[in-house]
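One file, final_28.txt, carrying compact mmCIF, C-alpha atoms and all ligand atoms:
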# COMPACT_ATOMS: atom_id res chain seq x y z
CA MET Y 1 -57.79 6.01 62.71
CA GLU Y 2 -56.81 7.34 66.07
CA SER Y 3 -55.63 10.94 66.58
CA MET Y 4 -54.08 11.97 69.92
CA GLU Y 5 -53.63 15.43 71.43
CA PHE Y 6 -50.63 16.77 73.34
CA THR Y 7 -49.96 20.06 75.14
CA LYS Y 8 -47.09 21.81 76.87
CA ALA Y 9 -45.40 20.01 79.80
CA ILE Y 10 -45.52 22.80 82.36
CA SER Y 11 -43.06 21.32 84.89
CA GLY Y 12 -40.94 19.32 82.45
CA LEU Y 13 -40.23 15.59 82.22
CA ASN Y 14 -39.23 14.08 85.53
CA GLY Y 15 -38.52 10.59 86.86
CA GLU Y 16 -36.88 7.37 85.78
CA LEU Y 17 -37.78 4.66 83.32
CA ALA Y 18 -36.42 1.69 81.40
CA VAL Y 19 -37.19 1.78 77.69
CA PRO Y 20 -38.14 -1.50 75.91
CA GLY Y 21 -35.57 -3.80 74.34
CA ASP Y 22 -33.56 -2.85 71.29
CA LYS Y 23 -35.45 -3.50 68.06
CA SER Y 24 -32.40 -4.40 65.93
CA ILE Y 25 -31.08 -6.83 68.54
CA SER Y 26 -34.51 -8.41 69.16
CA HIS Y 27 -34.97 -9.16 65.43
CA ARG Y 28 -31.52 -10.68 65.15
CA ALA Y 29 -31.89 -12.84 68.26
CA VAL Y 30 -35.02 -14.50 66.79
CA MET Y 31 -33.49 -14.91 63.34
CA PHE Y 32 -30.17 -16.35 64.48
CA GLY Y 33 -31.89 -18.48 67.12
CA SER Y 34 -34.17 -19.91 64.43
CA ILE Y 35 -31.28 -21.12 62.27
CA ALA Y 36 -29.18 -22.25 65.24
CA LYS Y 37 -29.19 -25.70 66.81
CA GLY Y 38 -30.84 -25.94 70.23
CA LEU Y 39 -32.47 -23.39 72.49
CA THR Y 40 -32.04 -19.63 72.37
CA GLU Y 41 -33.40 -17.74 75.37
CA ILE Y 42 -34.00 -14.04 74.74
CA ARG Y 43 -34.57 -11.69 77.68
CA GLY Y 44 -35.85 -8.15 77.26
CA PHE Y 45 -37.29 -8.89 73.79
CA LEU Y 46 -39.09 -5.94 72.20
CA GLN Y 47 -42.79 -6.77 71.79
CA GLY Y 48 -43.17 -4.20 69.00
CA ALA Y 49 -45.11 -5.06 65.84
CA ASP Y 50 -41.90 -5.21 63.74
CA CYS Y 51 -40.26 -7.84 65.94
CA LEU Y 52 -43.54 -9.79 66.12
CA SER Y 53 -43.46 -9.90 62.30
CA THR Y 54 -40.05 -11.59 62.51
CA ILE Y 55 -41.38 -14.15 65.01
CA ALA Y 56 -44.41 -14.82 62.78
CA CYS Y 57 -42.20 -15.39 59.69
CA PHE Y 58 -40.02 -17.97 61.41
CA ARG Y 59 -42.98 -19.74 62.98
CA ARG Y 60 -44.40 -20.06 59.47
CA MET Y 61 -41.14 -21.77 58.49
CA GLY Y 62 -41.57 -24.39 61.21
CA VAL Y 63 -39.58 -22.87 64.07
CA GLY Y 64 -41.05 -23.33 67.56
CA ILE Y 65 -41.04 -19.95 69.30
CA ASP Y 66 -42.58 -19.43 72.76
CA ASN Y 67 -43.30 -15.76 73.31
CA LEU Y 68 -43.62 -15.48 77.09
CA GLY Y 69 -43.59 -11.68 77.16
CA ASP Y 70 -40.27 -10.44 78.48
CA ARG Y 71 -38.75 -13.86 77.71
CA VAL Y 72 -38.79 -15.50 74.29
CA LEU Y 73 -37.67 -19.08 73.71
CA VAL Y 74 -36.58 -20.05 70.21
CA HIS Y 75 -36.29 -23.78 69.54
CA GLY Y 76 -33.89 -23.53 66.62
CA ASN Y 77 -34.18 -25.79 63.58
CA GLY Y 78 -30.51 -25.59 62.60
CA MET Y 79 -29.08 -23.95 59.50
CA ARG Y 80 -30.80 -26.32 57.07
CA GLY Y 81 -33.97 -26.95 59.05
CA LEU Y 82 -36.33 -24.18 57.91
CA LYS Y 83 -39.48 -25.42 56.12
CA ARG Y 84 -41.14 -23.95 53.05
CA PRO Y 85 -44.00 -21.75 54.32
CA ALA Y 86 -47.48 -22.25 52.86
CA GLY Y 87 -48.29 -18.96 51.10
CA LEU Y 88 -46.54 -15.60 51.37
CA LEU Y 89 -44.31 -14.49 54.25
CA ASP Y 90 -45.61 -11.19 55.64
CA CYS Y 91 -42.92 -8.80 56.94
CA GLY Y 92 -45.51 -6.16 57.91
CA ASN Y 93 -43.92 -2.69 58.20
CA SER Y 94 -40.43 -4.00 58.95
CA GLY Y 95 -37.53 -3.30 56.60
CA THR Y 96 -35.20 -5.17 58.93
CA THR Y 97 -37.33 -8.32 58.74
CA MET Y 98 -37.54 -8.28 54.95
CA ARG Y 99 -33.93 -7.48 54.17
CA LEU Y 100 -32.28 -9.76 56.73
CA ILE Y 101 -34.57 -12.74 56.06
CA SER Y 102 -33.79 -12.42 52.34
CA GLY Y 103 -30.14 -13.20 53.07
CA ILE Y 104 -31.15 -16.42 54.84
CA LEU Y 105 -33.81 -17.45 52.32
CA ALA Y 106 -31.48 -16.98 49.35
CA ALA Y 107 -29.70 -20.18 50.43
CA GLN Y 108 -32.60 -22.46 51.44
CA ASN Y 109 -33.83 -25.44 49.43
CA PHE Y 110 -37.28 -23.95 48.78
CA ASP Y 111 -38.98 -21.01 47.07
CA VAL Y 112 -40.76 -18.28 48.95
CA THR Y 113 -42.35 -14.86 48.38
CA LEU Y 114 -41.93 -12.04 50.88
CA THR Y 115 -44.42 -9.23 51.16
CA GLY Y 116 -45.55 -6.59 53.66
CA ASP Y 117 -47.65 -3.46 54.13
CA ALA Y 118 -48.08 -0.51 51.75
CA SER Y 119 -45.04 1.33 53.17
CA ILE Y 120 -42.65 -1.58 52.79
CA GLN Y 121 -43.81 -2.17 49.23
CA LYS Y 122 -42.34 1.25 48.39
CA ARG Y 123 -38.96 0.79 50.05
CA PRO Y 124 -35.87 -0.02 47.94
CA MET Y 125 -34.95 -3.70 47.79
CA LYS Y 126 -32.53 -3.51 44.83
CA ARG Y 127 -29.86 -2.80 47.43
CA ILE Y 128 -30.16 -6.43 48.61
CA ILE Y 129 -31.23 -7.96 45.29
CA ASP Y 130 -27.94 -6.83 43.68
CA PRO Y 131 -25.40 -8.29 46.12
CA LEU Y 132 -27.43 -11.47 46.75
CA SER Y 133 -27.69 -12.01 42.98
CA MET Y 134 -23.91 -11.58 42.71
CA MET Y 135 -23.64 -14.46 45.20
CA GLY Y 136 -25.78 -16.63 42.90
CA ALA Y 137 -29.17 -16.04 44.51
CA ASP Y 138 -32.36 -16.14 42.47
CA ILE Y 139 -34.23 -13.16 43.89
CA ALA Y 140 -36.56 -10.82 42.05
CA SER Y 141 -39.00 -7.99 42.62
CA VAL Y 142 -42.35 -9.49 41.58
CA ASN Y 143 -43.61 -6.18 40.14
CA LYS Y 144 -40.18 -5.40 38.60
CA ASN Y 145 -40.02 -2.08 40.44
CA GLY Y 146 -37.13 -2.93 42.78
CA CYS Y 147 -39.55 -3.26 45.71
CA ALA Y 148 -41.44 -6.00 47.54
CA PRO Y 149 -43.06 -8.44 46.97
CA LEU Y 150 -39.81 -10.36 46.53
CA ARG Y 151 -39.71 -13.88 45.09
CA ILE Y 152 -36.72 -15.85 46.33
CA LYS Y 153 -35.71 -19.28 45.04
CA GLY Y 154 -33.10 -20.88 47.25
CA ARG Y 155 -29.77 -21.63 45.54
CA ARG Y 156 -26.15 -22.61 46.27
CA LEU Y 157 -24.28 -19.39 46.93
CA THR Y 158 -20.71 -18.26 46.47
CA GLY Y 159 -18.89 -15.78 48.71
CA ILE Y 160 -18.15 -12.31 47.36
CA HIS Y 161 -16.49 -9.13 48.42
CA TYR Y 162 -19.16 -6.45 48.26
CA ASN Y 163 -18.57 -2.71 48.24
CA SER Y 164 -21.87 -1.29 49.40
CA LYS Y 165 -22.85 2.16 48.14
CA VAL Y 166 -24.92 2.80 51.27
CA ALA Y 167 -23.99 2.55 54.92
CA SER Y 168 -26.81 0.16 55.79
CA ALA Y 169 -26.78 -2.51 58.47
CA GLN Y 170 -29.68 -4.21 56.70
CA VAL Y 171 -27.72 -4.59 53.45
CA LYS Y 172 -24.58 -5.66 55.32
CA SER Y 173 -26.53 -8.18 57.40
CA ALA Y 174 -28.35 -9.69 54.41
CA VAL Y 175 -25.02 -10.32 52.67
CA LEU Y 176 -23.31 -11.69 55.82
CA LEU Y 177 -26.23 -14.04 56.51
CA ALA Y 178 -26.10 -15.33 52.94
CA GLY Y 179 -22.34 -15.64 53.49
CA LEU Y 180 -22.96 -18.12 56.32
CA TYR Y 181 -24.28 -20.52 53.67
CA ALA Y 182 -21.92 -19.62 50.81
CA GLN Y 183 -18.82 -21.32 49.47
CA GLY Y 184 -15.77 -19.33 50.53
CA GLU Y 185 -15.49 -16.12 52.49
CA THR Y 186 -17.89 -13.18 52.17
CA SER Y 187 -17.08 -9.62 53.08
CA VAL Y 188 -18.88 -6.28 52.97
CA THR Y 189 -17.26 -2.84 52.96
CA GLU Y 190 -19.47 0.15 53.73
CA PRO Y 191 -18.83 3.85 53.09
CA ALA Y 192 -19.14 4.33 56.87
CA LEU Y 193 -19.62 1.74 59.60
CA SER Y 194 -23.30 0.99 60.30
CA ARG Y 195 -24.65 -0.73 63.44
CA ASN Y 196 -22.65 -3.90 64.06
CA HIS Y 197 -25.16 -5.99 66.04
CA THR Y 198 -25.12 -8.74 63.40
CA GLU Y 199 -21.35 -9.13 63.60
CA LEU Y 200 -21.34 -9.16 67.42
CA MET Y 201 -24.30 -11.52 67.78
CA LEU Y 202 -23.32 -13.98 65.05
CA ARG Y 203 -20.00 -14.46 66.87
CA HIS Y 204 -21.97 -15.18 70.04
CA PHE Y 205 -23.86 -17.90 68.10
CA GLY Y 206 -20.54 -19.45 67.02
CA ALA Y 207 -19.93 -17.96 63.56
CA ALA Y 208 -16.49 -16.76 62.41
CA VAL Y 209 -16.92 -13.05 61.78
CA ASN Y 210 -14.15 -10.45 61.63
CA SER Y 211 -14.46 -6.70 61.58
CA CYS Y 212 -11.83 -4.27 60.39
CA GLY Y 213 -12.95 -0.66 60.15
CA ALA Y 214 -15.98 -0.56 57.85
CA THR Y 215 -15.35 -4.08 56.49
CA ALA Y 216 -16.95 -7.19 57.96
CA THR Y 217 -15.95 -10.69 56.85
CA ILE Y 218 -17.71 -13.98 57.51
CA SER Y 219 -16.71 -17.59 56.89
CA PRO Y 220 -19.28 -20.22 55.97
CA ALA Y 221 -20.63 -22.17 58.97
CA ASP Y 222 -21.89 -25.75 59.36
CA GLU Y 223 -23.98 -24.87 62.40
CA LEU Y 224 -24.81 -22.02 64.75
CA PHE Y 225 -25.47 -22.83 68.39
CA GLY Y 226 -28.42 -21.60 70.45
CA THR Y 227 -27.46 -19.31 73.31
CA LYS Y 228 -28.74 -16.68 75.76
CA VAL Y 229 -29.29 -13.12 74.61
CA ALA Y 230 -30.04 -10.24 77.00
CA VAL Y 231 -31.43 -7.36 74.94
CA PRO Y 232 -30.41 -3.89 76.18
CA GLY Y 233 -32.82 -0.93 76.15
CA ASP Y 234 -33.22 0.64 72.72
CA ILE Y 235 -31.28 3.90 72.40
CA SER Y 236 -33.55 4.83 69.48
CA SER Y 237 -36.50 4.71 71.92
CA ALA Y 238 -34.51 6.44 74.67
CA ALA Y 239 -33.84 9.26 72.16
CA TYR Y 240 -37.36 10.66 72.68
CA PHE Y 241 -36.86 11.06 76.42
CA ILE Y 242 -33.28 12.33 76.04
CA ALA Y 243 -34.50 15.02 73.66
CA GLY Y 244 -37.66 15.73 75.67
CA ALA Y 245 -35.66 16.25 78.86
CA LEU Y 246 -33.17 18.54 77.10
CA MET Y 247 -35.90 20.58 75.39
CA VAL Y 248 -38.43 21.12 78.18
CA PRO Y 249 -37.44 23.43 81.08
CA GLY Y 250 -37.55 21.82 84.54
CA SER Y 251 -36.72 18.30 83.27
CA GLN Y 252 -34.53 15.63 84.82
CA VAL Y 253 -34.82 12.05 83.58
CA LEU Y 254 -32.90 8.83 84.32
CA ILE Y 255 -33.17 6.21 81.57
CA LYS Y 256 -31.91 2.84 82.77
CA GLY Y 257 -30.09 0.03 80.93
CA VAL Y 258 -29.76 1.64 77.50
CA GLY Y 259 -27.55 0.08 74.80
CA ILE Y 260 -24.71 2.49 73.98
CA ASN Y 261 -22.90 0.52 71.26
CA PRO Y 262 -20.74 3.20 69.53
CA THR Y 263 -22.28 2.26 66.16
CA ARG Y 264 -25.67 3.32 67.59
CA ALA Y 265 -24.89 6.06 70.08
CA GLY Y 266 -24.26 9.04 67.79
CA ILE Y 267 -27.14 10.91 69.40
CA LEU Y 268 -25.15 11.16 72.65
CA LYS Y 269 -22.30 12.92 70.82
CA VAL Y 270 -24.65 15.29 69.01
CA CYS Y 271 -26.43 16.20 72.26
CA ARG Y 272 -23.08 16.93 73.93
CA ASP Y 273 -21.98 19.00 70.91
CA MET Y 274 -25.17 21.02 71.41
CA GLY Y 275 -24.33 21.64 75.07
CA ALA Y 276 -26.43 18.94 76.75
CA ASP Y 277 -26.12 18.05 80.42
CA LEU Y 278 -25.98 14.29 79.89
CA THR Y 279 -24.18 11.81 82.17
CA LEU Y 280 -23.54 8.07 81.70
CA LEU Y 281 -23.90 6.04 84.91
CA ASN Y 282 -23.40 2.34 85.73
CA GLU Y 283 -21.63 1.51 82.48
CA ASN Y 284 -21.91 -2.23 81.92
CA HIS Y 285 -22.35 -4.91 79.25
CA SER Y 286 -25.18 -7.13 77.98
CA GLY Y 287 -23.10 -9.81 76.24
CA ALA Y 288 -21.01 -7.94 73.71
CA GLU Y 289 -23.27 -4.88 73.81
CA PRO Y 290 -22.26 -1.99 76.11
CA THR Y 291 -25.00 -0.42 78.25
CA ALA Y 292 -25.43 2.51 80.66
CA ASP Y 293 -28.01 4.50 82.59
CA LEU Y 294 -28.46 7.96 81.07
CA LEU Y 295 -29.05 10.96 83.33
CA VAL Y 296 -30.36 13.92 81.33
CA ARG Y 297 -31.21 17.43 82.56
CA HIS Y 298 -32.78 20.32 80.71
CA SER Y 299 -30.04 22.37 79.02
CA PRO Y 300 -29.77 25.46 76.88
CA LEU Y 301 -28.78 24.05 73.47
CA SER Y 302 -26.85 25.54 70.57
CA GLY Y 303 -26.88 24.62 66.88
CA THR Y 304 -24.45 22.10 65.39
CA VAL Y 305 -23.54 20.23 62.21
CA VAL Y 306 -24.55 16.56 61.90
CA GLU Y 307 -22.83 14.92 58.94
CA GLY Y 308 -20.55 12.18 57.59
CA GLU Y 309 -19.66 9.06 59.54
CA VAL Y 310 -21.90 9.88 62.50
CA ILE Y 311 -25.04 9.67 60.32
CA PRO Y 312 -25.43 5.85 60.31
CA THR Y 313 -24.94 5.85 64.10
CA LEU Y 314 -28.06 7.99 64.64
CA ILE Y 315 -30.07 7.50 61.46
CA ASP Y 316 -33.39 6.69 63.21
CA GLU Y 317 -32.88 9.53 65.72
CA LEU Y 318 -32.59 12.27 63.09
CA PRO Y 319 -36.27 13.27 63.17
CA MET Y 320 -36.00 13.85 66.95
CA ILE Y 321 -32.64 15.61 66.56
CA ALA Y 322 -34.15 17.93 63.93
CA ALA Y 323 -36.99 18.86 66.30
CA MET Y 324 -34.55 19.37 69.17
CA ALA Y 325 -32.52 21.73 66.97
CA CYS Y 326 -35.61 23.96 66.66
CA THR Y 327 -35.25 24.76 70.38
CA ALA Y 328 -31.49 25.44 70.11
CA GLN Y 329 -29.93 28.85 69.55
CA GLY Y 330 -28.42 29.24 66.08
CA GLU Y 331 -28.33 27.06 63.02
CA THR Y 332 -28.17 23.27 62.80
CA VAL Y 333 -27.22 21.59 59.53
CA ILE Y 334 -28.04 17.93 58.89
CA LYS Y 335 -26.40 16.51 55.76
CA ASP Y 336 -25.37 13.16 54.20
CA ALA Y 337 -28.74 11.82 55.36
CA ALA Y 338 -30.52 11.06 52.06
CA GLU Y 339 -31.30 7.59 53.48
CA LEU Y 340 -34.02 9.29 55.52
CA LYS Y 341 -36.09 9.58 52.36
CA VAL Y 342 -36.47 5.79 52.06
CA LYS Y 343 -37.59 4.88 55.57
CA GLU Y 344 -41.22 4.21 56.59
CA SER Y 345 -41.92 7.67 55.15
CA ASN Y 346 -39.82 10.40 53.54
CA ARG Y 347 -38.53 11.61 56.88
CA ILE Y 348 -36.85 14.72 55.43
CA ALA Y 349 -39.93 16.08 53.64
CA ILE Y 350 -42.28 15.24 56.51
CA MET Y 351 -40.05 16.70 59.22
CA VAL Y 352 -39.55 19.95 57.30
CA GLU Y 353 -43.25 20.36 56.57
CA SER Y 354 -44.42 19.44 60.07
CA LEU Y 355 -41.82 21.48 62.01
CA ASN Y 356 -42.62 24.52 59.88
CA ALA Y 357 -46.32 23.94 60.59
CA MET Y 358 -45.43 24.37 64.29
CA GLY Y 359 -43.69 27.71 63.66
CA ALA Y 360 -40.11 26.48 63.15
CA ASP Y 361 -37.77 27.71 60.43
CA VAL Y 362 -36.51 24.65 58.53
CA THR Y 363 -35.33 24.33 54.93
CA GLU Y 364 -35.15 21.05 53.06
CA THR Y 365 -31.90 20.20 51.26
CA GLU Y 366 -30.91 17.32 48.92
CA ASP Y 367 -29.62 15.14 51.74
CA GLY Y 368 -30.89 16.70 54.94
CA MET Y 369 -32.14 20.03 56.28
CA ILE Y 370 -31.10 23.36 57.72
CA ILE Y 371 -32.77 24.38 60.97
CA ARG Y 372 -32.65 27.94 62.28
CA GLY Y 373 -33.45 27.43 65.95
CA GLY Y 374 -34.93 29.62 68.63
CA ARG Y 375 -38.37 30.40 67.19
CA PRO Y 376 -41.29 29.75 69.54
CA LEU Y 377 -43.23 26.62 68.59
CA HIS Y 378 -47.01 26.31 68.57
CA GLY Y 379 -49.34 23.32 68.27
CA ALA Y 380 -50.45 22.01 64.87
CA GLU Y 381 -52.16 19.05 63.24
CA ILE Y 382 -49.44 16.54 62.42
CA ASP Y 383 -49.91 13.60 60.08
CA SER Y 384 -47.67 10.75 61.26
CA HIS Y 385 -47.94 9.15 57.80
CA LEU Y 386 -48.11 5.93 59.85
CA ASP Y 387 -44.41 6.38 60.66
CA HIS Y 388 -43.71 5.54 64.31
CA ARG Y 389 -40.64 7.80 64.54
CA ILE Y 390 -42.63 10.80 63.26
CA ALA Y 391 -45.44 10.19 65.77
CA MET Y 392 -43.04 9.90 68.73
CA THR Y 393 -41.01 12.93 67.62
CA PHE Y 394 -44.07 15.18 67.57
CA ALA Y 395 -45.57 13.85 70.81
CA VAL Y 396 -42.33 15.08 72.43
CA THR Y 397 -42.07 18.32 70.45
CA ALA Y 398 -45.62 19.18 71.53
CA LEU Y 399 -44.39 19.31 75.13
CA CYS Y 400 -42.57 22.57 74.44
CA ALA Y 401 -45.12 24.13 72.06
CA ASP Y 402 -47.97 26.52 72.91
CA GLY Y 403 -51.48 25.18 72.32
CA VAL Y 404 -52.57 21.75 71.18
CA THR Y 405 -50.74 19.37 68.85
CA ALA Y 406 -52.91 16.63 67.34
CA ILE Y 407 -51.11 13.61 65.88
CA LYS Y 408 -52.93 11.56 63.29
CA ASP Y 409 -52.61 7.77 63.39
CA ALA Y 410 -50.73 8.09 66.66
CA GLN Y 411 -51.07 4.35 67.37
CA CYS Y 412 -48.34 3.58 64.81
CA VAL Y 413 -45.82 3.86 67.69
CA ASN Y 414 -46.69 0.17 68.29
CA ILE Y 415 -44.19 -0.67 65.55
CA SER Y 416 -41.23 -0.04 67.86
CA TYR Y 417 -42.57 1.14 71.24
CA PRO Y 418 -46.04 -0.10 72.26
CA GLY Y 419 -46.02 1.60 75.71
CA PHE Y 420 -44.63 4.91 74.49
CA TYR Y 421 -47.51 7.23 75.40
CA ARG Y 422 -47.92 5.63 78.83
CA ASP Y 423 -44.20 6.13 79.57
CA LEU Y 424 -44.28 9.72 78.30
CA GLU Y 425 -47.32 10.47 80.46
CA LYS Y 426 -45.63 9.03 83.57
CA LEU Y 427 -42.75 11.47 83.14
CA THR Y 428 -45.00 14.48 82.65
CA GLU Y 429 -47.75 13.90 85.24
O1 LIG Y 501 -30.25 -3.25 60.81
C1 LIG Y 501 -31.15 -2.73 61.51
O2 LIG Y 501 -31.65 -3.30 62.49
C2 LIG Y 501 -31.60 -1.37 61.15
C3 LIG Y 501 -30.85 -0.61 60.29
C4 LIG Y 501 -31.22 0.74 59.84
O3 LIG Y 501 -31.70 0.65 58.52
P1 LIG Y 501 -30.72 0.69 57.23
O4 LIG Y 501 -29.90 -0.52 57.23
O5 LIG Y 501 -31.66 0.73 56.05
O6 LIG Y 501 -29.92 1.94 57.37
C5 LIG Y 501 -32.31 1.34 60.73
O7 LIG Y 501 -32.84 2.49 60.10
C6 LIG Y 501 -33.39 0.36 61.07
O8 LIG Y 501 -34.32 0.94 61.96
C7 LIG Y 501 -32.85 -0.86 61.74
C1 LIG Y 502 -36.36 2.40 59.57
C2 LIG Y 502 -36.81 1.70 60.62
O1 LIG Y 502 -37.03 0.34 60.64
P1 LIG Y 502 -37.11 -0.72 59.45
O2 LIG Y 502 -36.11 -0.32 58.40
O3 LIG Y 502 -36.78 -2.03 60.08
O4 LIG Y 502 -38.52 -0.70 58.93
C3 LIG Y 502 -37.05 2.38 61.91
O5 LIG Y 502 -37.33 1.68 62.89
O6 LIG Y 502 -36.98 3.62 62.01
Let me see the file written as structure tokens.
Amino acid sequence: MESMEFTKAISGLNGELAVPGDKSISHRAVMFGSIAKGLTEIRGFLQGADCLSTIACFRRMGVGIDNLGDRVLVHGNGMRGLKRPAGLLDCGNSGTTMRLISGILAAQNFDVTLTGDASIQKRPMKRIIDPLSMMGADIASVNKNGCAPLRIKGRRLTGIHYNSKVASAQVKSAVLLAGLYAQGETSVTEPALSRNHTELMLRHFGAAVNSCGATATISPADELFGTKVAVPGDISSAAYFIAGALMVPGSQVLIKGVGINPTRAGILKVCRDMGADLTLLNENHSGAEPTADLLVRHSPLSGTVVEGEVIPTLIDELPMIAAMACTAQGETVIKDAAELKVKESNRIAIMVESLNAMGADVTETEDGMIIRGGRPLHGAEIDSHLDHRIAMTFAVTALCADGVTAIKDAQCVNISYPGFYRDLEKLTE
């Protein structure tokens, strides 16, 4: 497997770029387009391995999908038009694919088994099995360990009100998608509001969805209608360049067309709390999703506390935020983030171990970490554990560390950002 080496960026990160399309929105556009009637045209689709897994799953269920690169055409089969796939459906490394598709499959008139790679077979699926079962779904973990493979037998569903224990857009979306097919209304209340792309996009496809605080409610639908979706740049991908520019002296970066939906943009608040020089330009909209260009300049940073309701709005950015805090003066506390342990890897344990290997001073806690910033960082051998966010975080952290940082299995960035190293190199050359 491929290891890549990175060294200090002597004159910082400089220039402008547009990051690839948002992963969450790309998945949803293919899924909703597949069960809608007529054509859905997606622009700015993310060609990452996770989103390609979603395309592959729906093709296997008889949906015609033309992947033309930046443009994807989905010839929807309608809500009842999916076909039973021959064999297993492979969700690859993608939690979003597996959990959201389960909500749709729970209501089809066929049986199917979902599987994926070694990482996804360790991630918790009870969180969707429970609410979908309450709706009448027949869904089970094949190995009875609460994880994939999942066997789903389509059933008639009934709407429920579900109080979710976790703030998870994947859980919320699985239940709302099942709710499209159920008898009566379905609603989900979360402990804190997670990303609301499903609610916004389902409305755009013609569904009746209401949001009130951390509760989303959906009415059953007879049909969804194909439409156009313009996918904004992924703020989770932009996070690496935001942090890189803030951390490395001499940097100034303009990141164009980034989605800044408030349920996703917590990193902007945290950076500002830390003293970042960060300006939003050209604020606009892509459908219901707000966008902006982000101008970021190197800034002296200070420690902060990241906790509570902001956590779901920056959950995937926490590894990068933790590394950024190592270059800040003073202490940064990250808490209420136990969800990080059940991502592609245990992102708390791996961040603590790897940052300390680079000379940082980080302590693991039950639900986060404590980072005492300001210690000089040096290169180290970092195992990505095949987790794209870990690989990207350390490629950026290496830019402000002395010596060489070698990242094992660095190619795993293809999951969410295939051109990541090329874009990083352009800003540092
Ligand atoms: O709904 C989505 O598109 C996602 C939700 C989040 O997961 P959880 O719902 O498990 O928090 C996030 O970590 C993931 O990258 C994408
Ligand atoms: C957790 C992630 O994705 P997923 O849950 O879709 O695998 C991620 O992209 O960081």
Contact check, segment 33-95 of chain Y to segment 400-412 of chain Y, at most 12 Å, counting all atoms listed in the file, closest pairs as a Markdown table:
| residue | atom | partner | partner_atom | distance |
| --- | --- | --- | --- | --- |
| Y:Gly48 | CA | Y:Cys412 | CA | 10.2 |
| Y:Ala49 | CA | Y:Cys412 | CA | 9.3 |
| Y:Asp50 | CA | Y:Cys412 | CA | 10.9 |
| Y:Asn93 | CA | Y:Cys412 | CA | 10.1 |
- Message: Just want the 10 Å neighbourhood of segment 388-397 of chain Y, counted on only C-alpha atoms, with same-chain residues fewer than 6 positions away dropped. Output as number ranges by chain.
- Response: Y: 4-9, 236-237, 239-241, 243-245, 247-248, 316-324, 326-327, 343-345, 347, 350-351, 354-355, 358, 377-382, 405-417, 420-421, 424
Compile a residue-level contact table for chain Y against ligand LIG 501 (chain Y) at a cut-off of 8 Å, reporting for every qualifying residue the shortest atom pair and its distance in Å to one decimal, with all atoms listed in the file counted, rows ordered by chain and ascending number, as a tab-separated table.
residue	atom	partner	partner_atom	distance
Y:Lys23	CA	Y:LIG501	O2	6.7
Y:Ser24	CA	Y:LIG501	O2	3.7
Y:Ile25	CA	Y:LIG501	O2	7.0
Y:His27	CA	Y:LIG501	O2	7.3
Y:Arg28	CA	Y:LIG501	O2	7.8
Y:Gly95	CA	Y:LIG501	C6	7.1
Y:Thr96	CA	Y:LIG501	O2	5.4
Y:Leu100	CA	Y:LIG501	O1	7.9
Y:Val166	CA	Y:LIG501	O6	7.9
Y:Ala167	CA	Y:LIG501	O6	6.4
Y:Ser168	CA	Y:LIG501	O4	3.5
Y:Ala169	CA	Y:LIG501	O4	3.9
Y:Gln170	CA	Y:LIG501	O4	3.7
Y:Val171	CA	Y:LIG501	O4	6.0
Y:Lys172	CA	Y:LIG501	O4	7.6
Y:Ser173	CA	Y:LIG501	O1	7.1
Y:Ser194	CA	Y:LIG501	O6	7.3
Y:Arg195	CA	Y:LIG501	O1	6.7
Y:His197	CA	Y:LIG501	O1	7.8
Y:Thr198	CA	Y:LIG501	O1	7.9
Y:Pro312	CA	Y:LIG501	O6	6.6
Y:Ile315	CA	Y:LIG501	O7	5.9
Y:Asp316	CA	Y:LIG501	O7	5.3
Y:Glu339	CA	Y:LIG501	O6	7.0
Y:Lys343	CA	Y:LIG501	O7	7.0
- Message: Taking 5 positions as the minimum chain separation for residues in the same chain, which residues sit within 7 Å of Gly184 of chain Y when counting all atoms listed in the file? Answer as a PyMOL selection string.
- Response: chain Y and resi 158-159+219-220
- Task: Between atom CA of Ser26 of chain Y and atom O3 of ligand LIG 502 (chain Y), measure the distance and give it in Å to one decimal.
- Result: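 Straight-line distance from atom CA of Ser26 of chain Y to atom O3 of ligand LIG 502 (chain Y) works out to 11.3 Å.
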- Item | Polymer residues at most 12 Å from Lys144 of chain Y, all atoms listed in the file, same-chain spacing of 6 or more positions, as a VMD selection string | chain Y and resid 121 124 to 126 129 150 to 151
- Residue nearest Ala337 of chain Y among Y:Gly76, Y:Val231, Y:Ile311, Y:Asp361 (counting all atoms listed in the file):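 The shortest atom-to-atom distance to Ala337 of chain Y comes from Y:Ile311.
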Extract, using all atoms listed in the file, all DNA, RNA and protein residues at most 10 Å from Ala276 of chain Y, discarding same-chain residues fewer than 5 positions from it, and format them as an mmCIF file with C-alpha atoms, in the coordinates of the input.
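Okay, part09.cif is ready:
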data_model
loop_
_atom_site.group_PDB
_atom_site.id
_atom_site.type_symbol
_atom_site.label_atom_id
_atom_site.label_comp_id
_atom_site.auth_asym_id
_atom_site.auth_seq_id
_atom_site.Cartn_x
_atom_site.Cartn_y
_atom_site.Cartn_z
ATOM 1 C CA ILE Y 242 -33.280 12.330 76.040
ATOM 2 C CA ALA Y 243 -34.500 15.020 73.660
ATOM 3 C CA ALA Y 245 -35.660 16.250 78.860
ATOM 4 C CA LEU Y 246 -33.170 18.540 77.100
ATOM 5 C CA MET Y 247 -35.900 20.580 75.390
ATOM 6 C CA LEU Y 268 -25.150 11.160 72.650
ATOM 7 C CA LYS Y 269 -22.300 12.920 70.820
ATOM 8 C CA VAL Y 270 -24.650 15.290 69.010
ATOM 9 C CA CYS Y 271 -26.430 16.200 72.260
ATOM 10 C CA VAL Y 296 -30.360 13.920 81.330
ATOM 11 C CA ARG Y 297 -31.210 17.430 82.560
ATOM 12 C CA HIS Y 298 -32.780 20.320 80.710
ATOM 13 C CA SER Y 299 -30.040 22.370 79.020
ATOM 14 C CA PRO Y 300 -29.770 25.460 76.880
ATOM 15 C CA LEU Y 301 -28.780 24.050 73.470
ATOM 16 C CA SER Y 302 -26.850 25.540 70.570
#
